[in-house]
file protein_7.pdb (PDB, N, CA and C atoms and all ligand atoms)
ATOM      1  N   MET A 488       0.839  -1.181   0.000
ATOM      2  CA  MET A 488       0.000   0.000   0.000
ATOM      3  C   MET A 488       0.887   1.248   0.000
ATOM      4  N   LYS A 489       0.541   2.190  -0.822
ATOM      5  CA  LYS A 489       1.357   3.393  -0.984
ATOM      6  C   LYS A 489       1.020   4.434   0.079
ATOM      7  N   ASN A 490       2.042   5.095   0.654
ATOM      8  CA  ASN A 490       1.827   6.146   1.650
ATOM      9  C   ASN A 490       1.519   7.445   0.916
ATOM     10  N   GLU A 491       0.283   7.933   1.057
ATOM     11  CA  GLU A 491      -0.163   9.125   0.330
ATOM     12  C   GLU A 491       0.039  10.407   1.147
ATOM     13  N   GLU A 492       0.608  10.306   2.367
ATOM     14  CA  GLU A 492       0.769  11.488   3.206
ATOM     15  C   GLU A 492       1.685  12.512   2.542
ATOM     16  N   LYS A 493       1.204  13.744   2.499
ATOM     17  CA  LYS A 493       1.999  14.802   1.875
ATOM     18  C   LYS A 493       3.107  15.247   2.833
ATOM     19  N   LYS A 494       4.317  15.263   2.364
ATOM     20  CA  LYS A 494       5.445  15.685   3.184
ATOM     21  C   LYS A 494       5.677  17.187   2.970
ATOM     22  N   PRO A 495       6.051  17.934   4.044
ATOM     23  CA  PRO A 495       6.274  19.377   3.887
ATOM     24  C   PRO A 495       7.516  19.656   3.042
ATOM     25  N   THR A 496       7.470  20.758   2.342
ATOM     26  CA  THR A 496       8.655  21.192   1.591
ATOM     27  C   THR A 496       9.622  21.854   2.579
ATOM     28  N   ALA A 497      10.824  22.129   2.144
ATOM     29  CA  ALA A 497      11.811  22.790   3.001
ATOM     30  C   ALA A 497      11.306  24.148   3.460
ATOM     31  N   ALA A 498      10.610  24.848   2.589
ATOM     32  CA  ALA A 498      10.109  26.183   2.933
ATOM     33  C   ALA A 498       8.993  26.113   3.973
ATOM     34  N   GLU A 499       8.303  24.965   4.025
ATOM     35  CA  GLU A 499       7.199  24.814   4.977
ATOM     36  C   GLU A 499       7.657  24.345   6.360
ATOM     37  N   LEU A 500       8.872  23.825   6.448
ATOM     38  CA  LEU A 500       9.373  23.357   7.740
ATOM     39  C   LEU A 500       9.642  24.537   8.662
ATOM     40  N   PRO A 501       9.445  24.370   9.990
ATOM     41  CA  PRO A 501       9.747  25.472  10.912
ATOM     42  C   PRO A 501      11.253  25.755  10.943
ATOM     43  N   ALA A 502      11.584  26.994  11.197
ATOM     44  CA  ALA A 502      12.999  27.387  11.241
ATOM     45  C   ALA A 502      13.702  26.672  12.390
ATOM     46  N   GLY A 503      14.940  26.272  12.166
ATOM     47  CA  GLY A 503      15.727  25.614  13.196
ATOM     48  C   GLY A 503      16.222  26.615  14.214
ATOM     49  N   GLY A 504      16.692  26.097  15.330
ATOM     50  CA  GLY A 504      17.224  26.977  16.370
ATOM     51  C   GLY A 504      18.590  27.504  15.995
ATOM     52  N   ILE A 505      18.803  28.768  16.147
ATOM     53  CA  ILE A 505      20.106  29.375  15.874
ATOM     54  C   ILE A 505      20.561  30.051  17.163
ATOM     55  N   VAL A 506      21.705  29.598  17.684
ATOM     56  CA  VAL A 506      22.195  30.195  18.926
ATOM     57  C   VAL A 506      23.143  31.340  18.608
ATOM     58  N   GLU A 507      23.252  32.223  19.545
ATOM     59  CA  GLU A 507      24.130  33.379  19.372
ATOM     60  C   GLU A 507      25.579  32.901  19.249
ATOM     61  N   ALA A 508      26.324  33.517  18.361
ATOM     62  CA  ALA A 508      27.728  33.139  18.165
ATOM     63  C   ALA A 508      28.611  33.749  19.246
ATOM     64  N   GLY A 509      29.774  33.135  19.456
ATOM     65  CA  GLY A 509      30.765  33.706  20.367
ATOM     66  C   GLY A 509      30.423  33.575  21.841
ATOM     67  N   THR A 510      29.683  32.538  22.191
ATOM     68  CA  THR A 510      29.264  32.400  23.586
ATOM     69  C   THR A 510      30.009  31.277  24.326
ATOM     70  N   ALA A 511      30.982  30.655  23.677
ATOM     71  CA  ALA A 511      31.649  29.496  24.299
ATOM     72  C   ALA A 511      32.261  29.839  25.656
ATOM     73  N   ALA A 512      32.782  31.050  25.792
ATOM     74  CA  ALA A 512      33.434  31.424  27.054
ATOM     75  C   ALA A 512      32.458  31.437  28.226
ATOM     76  N   GLN A 513      31.173  31.564  27.925
ATOM     77  CA  GLN A 513      30.170  31.609  28.999
ATOM     78  C   GLN A 513      29.904  30.230  29.609
ATOM     79  N   PHE A 514      30.290  29.177  28.874
ATOM     80  CA  PHE A 514      30.013  27.820  29.329
ATOM     81  C   PHE A 514      31.259  27.223  29.976
ATOM     82  N   LYS A 515      31.209  27.075  31.274
ATOM     83  CA  LYS A 515      32.360  26.563  32.007
ATOM     84  C   LYS A 515      32.388  25.040  31.910
ATOM     85  N   THR A 516      33.379  24.548  31.177
ATOM     86  CA  THR A 516      33.483  23.106  30.917
ATOM     87  C   THR A 516      34.510  22.433  31.836
ATOM     88  N   GLY A 517      35.133  23.219  32.708
ATOM     89  CA  GLY A 517      36.130  22.656  33.610
ATOM     90  C   GLY A 517      35.638  21.497  34.467
ATOM     91  N   PRO A 518      34.387  21.542  34.950
ATOM     92  CA  PRO A 518      33.912  20.434  35.793
ATOM     93  C   PRO A 518      33.846  19.088  35.073
ATOM     94  N   TRP A 519      34.050  19.070  33.767
ATOM     95  CA  TRP A 519      34.063  17.806  33.029
ATOM     96  C   TRP A 519      35.321  16.997  33.346
ATOM     97  N   ARG A 520      36.378  17.671  33.845
ATOM     98  CA  ARG A 520      37.684  17.016  34.001
ATOM     99  C   ARG A 520      37.687  15.907  35.042
ATOM    100  N   SER A 521      38.497  14.869  34.749
ATOM    101  CA  SER A 521      38.823  13.879  35.777
ATOM    102  C   SER A 521      40.298  13.999  36.139
ATOM    103  N   ILE A 522      41.088  14.554  35.209
ATOM    104  CA  ILE A 522      42.493  14.862  35.493
ATOM    105  C   ILE A 522      42.743  16.299  35.051
ATOM    106  N   LYS A 523      43.742  16.930  35.699
ATOM    107  CA  LYS A 523      43.992  18.333  35.360
ATOM    108  C   LYS A 523      45.483  18.573  35.096
ATOM    109  N   PRO A 524      45.774  19.520  34.208
ATOM    110  CA  PRO A 524      47.175  19.862  33.963
ATOM    111  C   PRO A 524      47.681  20.794  35.049
ATOM    112  N   VAL A 525      48.892  20.526  35.513
ATOM    113  CA  VAL A 525      49.527  21.398  36.501
ATOM    114  C   VAL A 525      50.800  21.948  35.864
ATOM    115  N   TRP A 526      50.858  23.251  35.738
ATOM    116  CA  TRP A 526      51.956  23.938  35.047
ATOM    117  C   TRP A 526      53.039  24.349  36.028
ATOM    118  N   SER A 527      54.301  24.166  35.620
ATOM    119  CA  SER A 527      55.432  24.569  36.449
ATOM    120  C   SER A 527      56.107  25.795  35.837
ATOM    121  N   LYS A 528      56.026  26.897  36.516
ATOM    122  CA  LYS A 528      56.674  28.125  36.050
ATOM    123  C   LYS A 528      58.183  27.926  35.947
ATOM    124  N   GLU A 529      58.751  27.151  36.861
ATOM    125  CA  GLU A 529      60.198  26.950  36.907
ATOM    126  C   GLU A 529      60.697  26.153  35.693
ATOM    127  N   LYS A 530      59.925  25.176  35.255
ATOM    128  CA  LYS A 530      60.360  24.340  34.129
ATOM    129  C   LYS A 530      59.985  24.926  32.775
ATOM    130  N   CYS A 531      59.031  25.817  32.737
ATOM    131  CA  CYS A 531      58.513  26.346  31.466
ATOM    132  C   CYS A 531      59.568  27.187  30.740
ATOM    133  N   LYS A 532      59.729  26.918  29.433
ATOM    134  CA  LYS A 532      60.681  27.654  28.589
ATOM    135  C   LYS A 532      59.974  28.645  27.666
ATOM    136  N   ALA A 533      58.673  28.816  27.864
ATOM    137  CA  ALA A 533      57.885  29.771  27.070
ATOM    138  C   ALA A 533      57.950  29.486  25.575
ATOM    139  N   CYS A 534      57.996  28.209  25.203
ATOM    140  CA  CYS A 534      58.038  27.856  23.774
ATOM    141  C   CYS A 534      56.669  28.002  23.119
ATOM    142  N   MET A 535      55.613  28.011  23.918
ATOM    143  CA  MET A 535      54.232  28.234  23.483
ATOM    144  C   MET A 535      53.599  27.063  22.709
ATOM    145  N   ILE A 536      54.264  25.924  22.711
ATOM    146  CA  ILE A 536      53.699  24.752  22.031
ATOM    147  C   ILE A 536      52.364  24.350  22.671
ATOM    148  N   CYS A 537      52.300  24.388  23.998
ATOM    149  CA  CYS A 537      51.050  24.010  24.676
ATOM    150  C   CYS A 537      49.912  24.943  24.259
ATOM    151  N   TRP A 538      50.208  26.191  24.113
ATOM    152  CA  TRP A 538      49.205  27.197  23.719
ATOM    153  C   TRP A 538      48.704  26.917  22.300
ATOM    154  N   ILE A 539      49.606  26.513  21.436
ATOM    155  CA  ILE A 539      49.222  26.200  20.050
ATOM    156  C   ILE A 539      48.310  24.974  20.020
ATOM    157  N   TYR A 540      48.651  23.963  20.807
ATOM    158  CA  TYR A 540      47.923  22.695  20.729
ATOM    159  C   TYR A 540      46.629  22.649  21.542
ATOM    160  N   CYS A 541      46.491  23.439  22.571
ATOM    161  CA  CYS A 541      45.301  23.338  23.423
ATOM    162  C   CYS A 541      44.029  23.581  22.609
ATOM    163  N   PRO A 542      43.148  22.604  22.555
ATOM    164  CA  PRO A 542      41.923  22.751  21.752
ATOM    165  C   PRO A 542      40.871  23.644  22.410
ATOM    166  N   ASP A 543      41.100  24.020  23.656
ATOM    167  CA  ASP A 543      40.100  24.821  24.363
ATOM    168  C   ASP A 543      40.603  26.210  24.743
ATOM    169  N   ALA A 544      41.708  26.628  24.150
ATOM    170  CA  ALA A 544      42.270  27.956  24.444
ATOM    171  C   ALA A 544      42.370  28.187  25.945
ATOM    172  N   SER A 545      42.828  27.150  26.650
ATOM    173  CA  SER A 545      42.866  27.230  28.118
ATOM    174  C   SER A 545      44.263  27.481  28.673
ATOM    175  N   ILE A 546      45.233  27.695  27.798
ATOM    176  CA  ILE A 546      46.560  28.079  28.268
ATOM    177  C   ILE A 546      46.569  29.600  28.369
ATOM    178  N   GLN A 547      46.759  30.082  29.586
ATOM    179  CA  GLN A 547      46.725  31.533  29.796
ATOM    180  C   GLN A 547      48.096  32.133  29.495
ATOM    181  N   VAL A 548      48.061  33.252  28.791
ATOM    182  CA  VAL A 548      49.295  33.869  28.313
ATOM    183  C   VAL A 548      49.267  35.373  28.572
ATOM    184  N   ALA A 549      50.427  35.908  28.896
ATOM    185  CA  ALA A 549      50.592  37.360  28.996
ATOM    186  C   ALA A 549      52.012  37.687  28.551
ATOM    187  N   ASP A 550      52.145  38.685  27.740
ATOM    188  CA  ASP A 550      53.457  39.125  27.234
ATOM    189  C   ASP A 550      54.242  37.977  26.608
ATOM    190  N   GLY A 551      53.560  37.115  25.867
ATOM    191  CA  GLY A 551      54.229  36.036  25.154
ATOM    192  C   GLY A 551      54.715  34.899  26.023
ATOM    193  N   LYS A 552      54.233  34.827  27.260
ATOM    194  CA  LYS A 552      54.635  33.732  28.151
ATOM    195  C   LYS A 552      53.411  33.110  28.800
ATOM    196  N   VAL A 553      53.514  31.814  29.078
ATOM    197  CA  VAL A 553      52.426  31.135  29.785
ATOM    198  C   VAL A 553      52.371  31.646  31.218
ATOM    199  N   THR A 554      51.156  31.868  31.682
ATOM    200  CA  THR A 554      50.999  32.330  33.068
ATOM    201  C   THR A 554      50.169  31.355  33.907
ATOM    202  N   GLY A 555      49.549  30.380  33.252
ATOM    203  CA  GLY A 555      48.750  29.422  34.009
ATOM    204  C   GLY A 555      47.740  28.717  33.126
ATOM    205  N   ILE A 556      46.815  28.059  33.763
ATOM    206  CA  ILE A 556      45.789  27.280  33.078
ATOM    207  C   ILE A 556      44.416  27.851  33.433
ATOM    208  N   ASP A 557      43.571  27.980  32.466
ATOM    209  CA  ASP A 557      42.194  28.416  32.704
ATOM    210  C   ASP A 557      41.375  27.184  33.082
ATOM    211  N   TYR A 558      41.266  26.942  34.389
ATOM    212  CA  TYR A 558      40.561  25.745  34.853
ATOM    213  C   TYR A 558      39.045  25.847  34.693
ATOM    214  N   ASP A 559      38.542  27.007  34.393
ATOM    215  CA  ASP A 559      37.101  27.122  34.142
ATOM    216  C   ASP A 559      36.715  26.447  32.827
ATOM    217  N   HIS A 560      37.680  26.381  31.885
ATOM    218  CA  HIS A 560      37.355  25.854  30.564
ATOM    219  C   HIS A 560      38.188  24.636  30.152
ATOM    220  N   CYS A 561      39.353  24.415  30.786
ATOM    221  CA  CYS A 561      40.183  23.247  30.467
ATOM    222  C   CYS A 561      39.390  21.974  30.743
ATOM    223  N   LYS A 562      39.381  21.063  29.745
ATOM    224  CA  LYS A 562      38.635  19.806  29.903
ATOM    225  C   LYS A 562      39.530  18.652  30.333
ATOM    226  N   GLY A 563      40.828  18.918  30.507
ATOM    227  CA  GLY A 563      41.725  17.877  31.002
ATOM    228  C   GLY A 563      42.087  16.840  29.966
ATOM    229  N   CYS A 564      42.185  17.250  28.706
ATOM    230  CA  CYS A 564      42.490  16.283  27.641
ATOM    231  C   CYS A 564      43.934  15.795  27.714
ATOM    232  N   GLY A 565      44.833  16.601  28.275
ATOM    233  CA  GLY A 565      46.226  16.191  28.440
ATOM    234  C   GLY A 565      47.120  16.467  27.246
ATOM    235  N   ILE A 566      46.597  17.085  26.218
ATOM    236  CA  ILE A 566      47.406  17.360  25.017
ATOM    237  C   ILE A 566      48.578  18.270  25.364
ATOM    238  N   CYS A 567      48.324  19.294  26.170
ATOM    239  CA  CYS A 567      49.399  20.232  26.526
ATOM    240  C   CYS A 567      50.541  19.489  27.206
ATOM    241  N   SER A 568      50.211  18.593  28.105
ATOM    242  CA  SER A 568      51.222  17.831  28.828
ATOM    243  C   SER A 568      51.999  16.921  27.886
ATOM    244  N   LYS A 569      51.288  16.314  26.962
ATOM    245  CA  LYS A 569      51.916  15.408  25.986
ATOM    246  C   LYS A 569      52.869  16.177  25.070
ATOM    247  N   GLU A 570      52.491  17.380  24.682
ATOM    248  CA  GLU A 570      53.282  18.147  23.721
ATOM    249  C   GLU A 570      54.427  18.915  24.361
ATOM    250  N   CYS A 571      54.347  19.211  25.644
ATOM    251  CA  CYS A 571      55.417  19.975  26.291
ATOM    252  C   CYS A 571      56.678  19.112  26.370
ATOM    253  N   LYS A 572      57.743  19.567  25.731
ATOM    254  CA  LYS A 572      58.990  18.794  25.678
ATOM    255  C   LYS A 572      59.883  19.050  26.892
ATOM    256  N   PHE A 573      59.407  19.898  27.799
ATOM    257  CA  PHE A 573      60.240  20.266  28.945
ATOM    258  C   PHE A 573      59.666  19.768  30.271
ATOM    259  N   GLY A 574      58.629  18.972  30.188
ATOM    260  CA  GLY A 574      58.046  18.421  31.418
ATOM    261  C   GLY A 574      57.448  19.475  32.318
ATOM    262  N   ALA A 575      57.007  20.577  31.714
ATOM    263  CA  ALA A 575      56.498  21.683  32.530
ATOM    264  C   ALA A 575      55.007  21.557  32.836
ATOM    265  N   ILE A 576      54.347  20.585  32.207
ATOM    266  CA  ILE A 576      52.923  20.368  32.509
ATOM    267  C   ILE A 576      52.730  18.891  32.830
ATOM    268  N   THR A 577      52.280  18.616  34.025
ATOM    269  CA  THR A 577      51.994  17.239  34.423
ATOM    270  C   THR A 577      50.496  17.106  34.689
ATOM    271  N   MET A 578      49.981  15.922  34.449
ATOM    272  CA  MET A 578      48.552  15.674  34.669
ATOM    273  C   MET A 578      48.372  15.016  36.036
ATOM    274  N   GLU A 579      47.443  15.552  36.783
ATOM    275  CA  GLU A 579      47.170  15.005  38.116
ATOM    276  C   GLU A 579      45.687  14.728  38.268
ATOM    277  N   ALA A 580      45.370  13.794  39.137
ATOM    278  CA  ALA A 580      43.963  13.475  39.377
ATOM    279  C   ALA A 580      43.233  14.704  39.908
ATOM    280  N   GLU A 581      42.048  14.905  39.407
ATOM    281  CA  GLU A 581      41.221  16.024  39.862
ATOM    282  C   GLU A 581      40.592  15.657  41.196
ATOM    283  N   LYS A 582      40.699  16.559  42.147
ATOM    284  CA  LYS A 582      40.052  16.321  43.440
ATOM    285  C   LYS A 582      38.665  16.911  43.369
ATOM    286  N   LYS A 583      37.658  16.105  43.588
ATOM    287  CA  LYS A 583      36.270  16.582  43.509
ATOM    288  C   LYS A 583      35.714  16.817  44.897
TER     289      LYS A 583
HETATM  290  S1  LIG B 601      54.940  23.670  26.043
HETATM  291 FE1  LIG B 601      55.857  23.535  28.100
HETATM  292  S2  LIG B 601      57.718  24.782  28.001
HETATM  293 FE2  LIG B 601      56.450  25.312  26.242
HETATM  294  S3  LIG B 601      55.244  27.092  26.942
HETATM  295 FE3  LIG B 601      54.016  25.267  27.328
HETATM  296  S4  LIG B 601      54.495  24.685  29.444
HETATM  297 FE4  LIG B 601      56.075  26.099  28.776
HETATM  298  S1  LIG B 602      44.480  19.610  29.378
HETATM  299 FE1  LIG B 602      43.690  19.980  27.284
HETATM  300  S2  LIG B 602      42.138  21.574  27.535
HETATM  301 FE2  LIG B 602      43.379  21.577  29.392
HETATM  302  S3  LIG B 602      44.947  23.127  29.055
HETATM  303 FE3  LIG B 602      45.807  21.139  28.418
HETATM  304  S4  LIG B 602      45.406  20.980  26.225
HETATM  305 FE4  LIG B 602      44.078  22.610  27.053
END
call {"tool": "encode", "arguments": {"input": "protein_7.pdb", "output": "structure tokens", "more": "lines below"}}
Ligand code: SF4
Ligand code: SF4
result
Amino acid sequence: MKNEEKKPTAAELPAGGIVEAGTAAQFKTGPWRSIKPVWSKEKCKACMICWIYCPDASIQVADGKVTGIDYDHCKGCGICSKECKFGAITMEAEKK
């Protein structure tokens, strides 16, 4: 038996939801972490590799040097620690 139900055209479908752009900073994703990066100022050579690789822009920088980690947004992926060739970022268990 053939389905005779008329399907809506694209123009007849309701408009999809469009969220405001540039709002990622408002969403604190830090609580997602199970492990966190711990940065050592003493070991850091300011090569900025961690800043380049961090997918969440969570490496804090001032005057071309790392100053810390933005724990409000860092998801604890560990990429910065893996890429740092100077052992300046270690991953530690997150205390909840
Ligand atoms: S990759 Fe390591 S040495 Fe380079 S800026 Fe980052 S923490 Fe410092
Ligand atoms: S753990 Fe991942 S999200 Fe957090 S600072 Fe390092 S690279 Fe960025």
call {"tool": "axis_aligned_box", "arguments": {"input": "protein_7.pdb", "around": "range 496-512 of chain A", "padding_each_side": "6 Å", "output": "AutoDock Vina command-line options"}}
result
--center_x 20.3 --center_y 27.3 --center_z 14.9 --size_x 38.2 --size_y 25.0 --size_z 38.6
call {"tool": "select_by_dssp", "arguments": {"input": "protein_7.pdb", "residues": "chain A", "states": "alpha helix (DSSP H)", "output": "PyMOL selection string"}}
result
chain A and resi 536-540+566-570
call {"tool": "closest_residue", "arguments": {"input": "protein_7.pdb", "among": "A:Phe573, A:Phe514, A:Trp519, A:Tyr558", "to": "Ser545 in chain A", "atoms": "only N, CA and C atoms"}}
result
A:Tyr558
call {"tool": "resolve_selection", "arguments": {"input": "protein_7.pdb", "expression": "the PyMOL selection byres (((not hetatm)) within 8 of (chain B and resi 602))", "output": "ChimeraX atom specification"}}
result
/A:522-525,537-547,555-558,560-569,578
call {"tool": "closest_residue", "arguments": {"input": "protein_7.pdb", "among": "A:Ala580, A:Val548, A:Leu500, A:Cys534", "to": "ligand LIG 601 (chain B)", "atoms": "all atoms listed in the file"}}
result
A:Cys534
call {"tool": "residues_near_ligand", "arguments": {"input": "protein_7.pdb", "ligand": "ligand LIG 601 (chain B)", "cutoff": "6 Å", "atoms": "only C-alpha atoms and all ligand atoms", "output": "list in words"}}
result
Cys531, Lys532, Ala533, Cys534, Met535, Ile536, Cys537, Val553, Cys571, Phe573, Ala575 and Ile576 of chain A
call {"tool": "closest_residue", "arguments": {"input": "protein_7.pdb", "among": "A:Glu581, A:Asp550, A:Glu570, A:Asp559", "to": "Ser521 in chain A", "atoms": "only C-alpha atoms"}}
result
A:Glu581
call {"tool": "atom_distance", "arguments": {"input": "protein_7.pdb", "atom1": "atom N of Trp526 in chain A", "atom2": "atom C of Thr510 in chain A"}}
result
25.1 Å
call {"tool": "select_by_dssp", "arguments": {"input": "protein_7.pdb", "residues": "range 500-539 of chain A", "states": "strand (DSSP E or B)", "output": "VMD selection string"}}
result
chain A and resid 522 to 526
call {"tool": "atom_distance", "arguments": {"input": "protein_7.pdb", "atom1": "atom N of Ala508 in chain A", "atom2": "atom C of Lys552 in chain A"}}
result
29.0 Å
call {"tool": "closest_residue", "arguments": {"input": "protein_7.pdb", "among": "A:Gly504, A:Gly551, A:Gly509, A:Gly574", "to": "Ser527 in chain A", "atoms": "all atoms listed in the file"}}
result
A:Gly574
call {"tool": "atom_distance", "arguments": {"input": "protein_7.pdb", "atom1": "atom N of Gly517 in chain A", "atom2": "CA of Ala549 in chain A"}}
result
21.3 Å
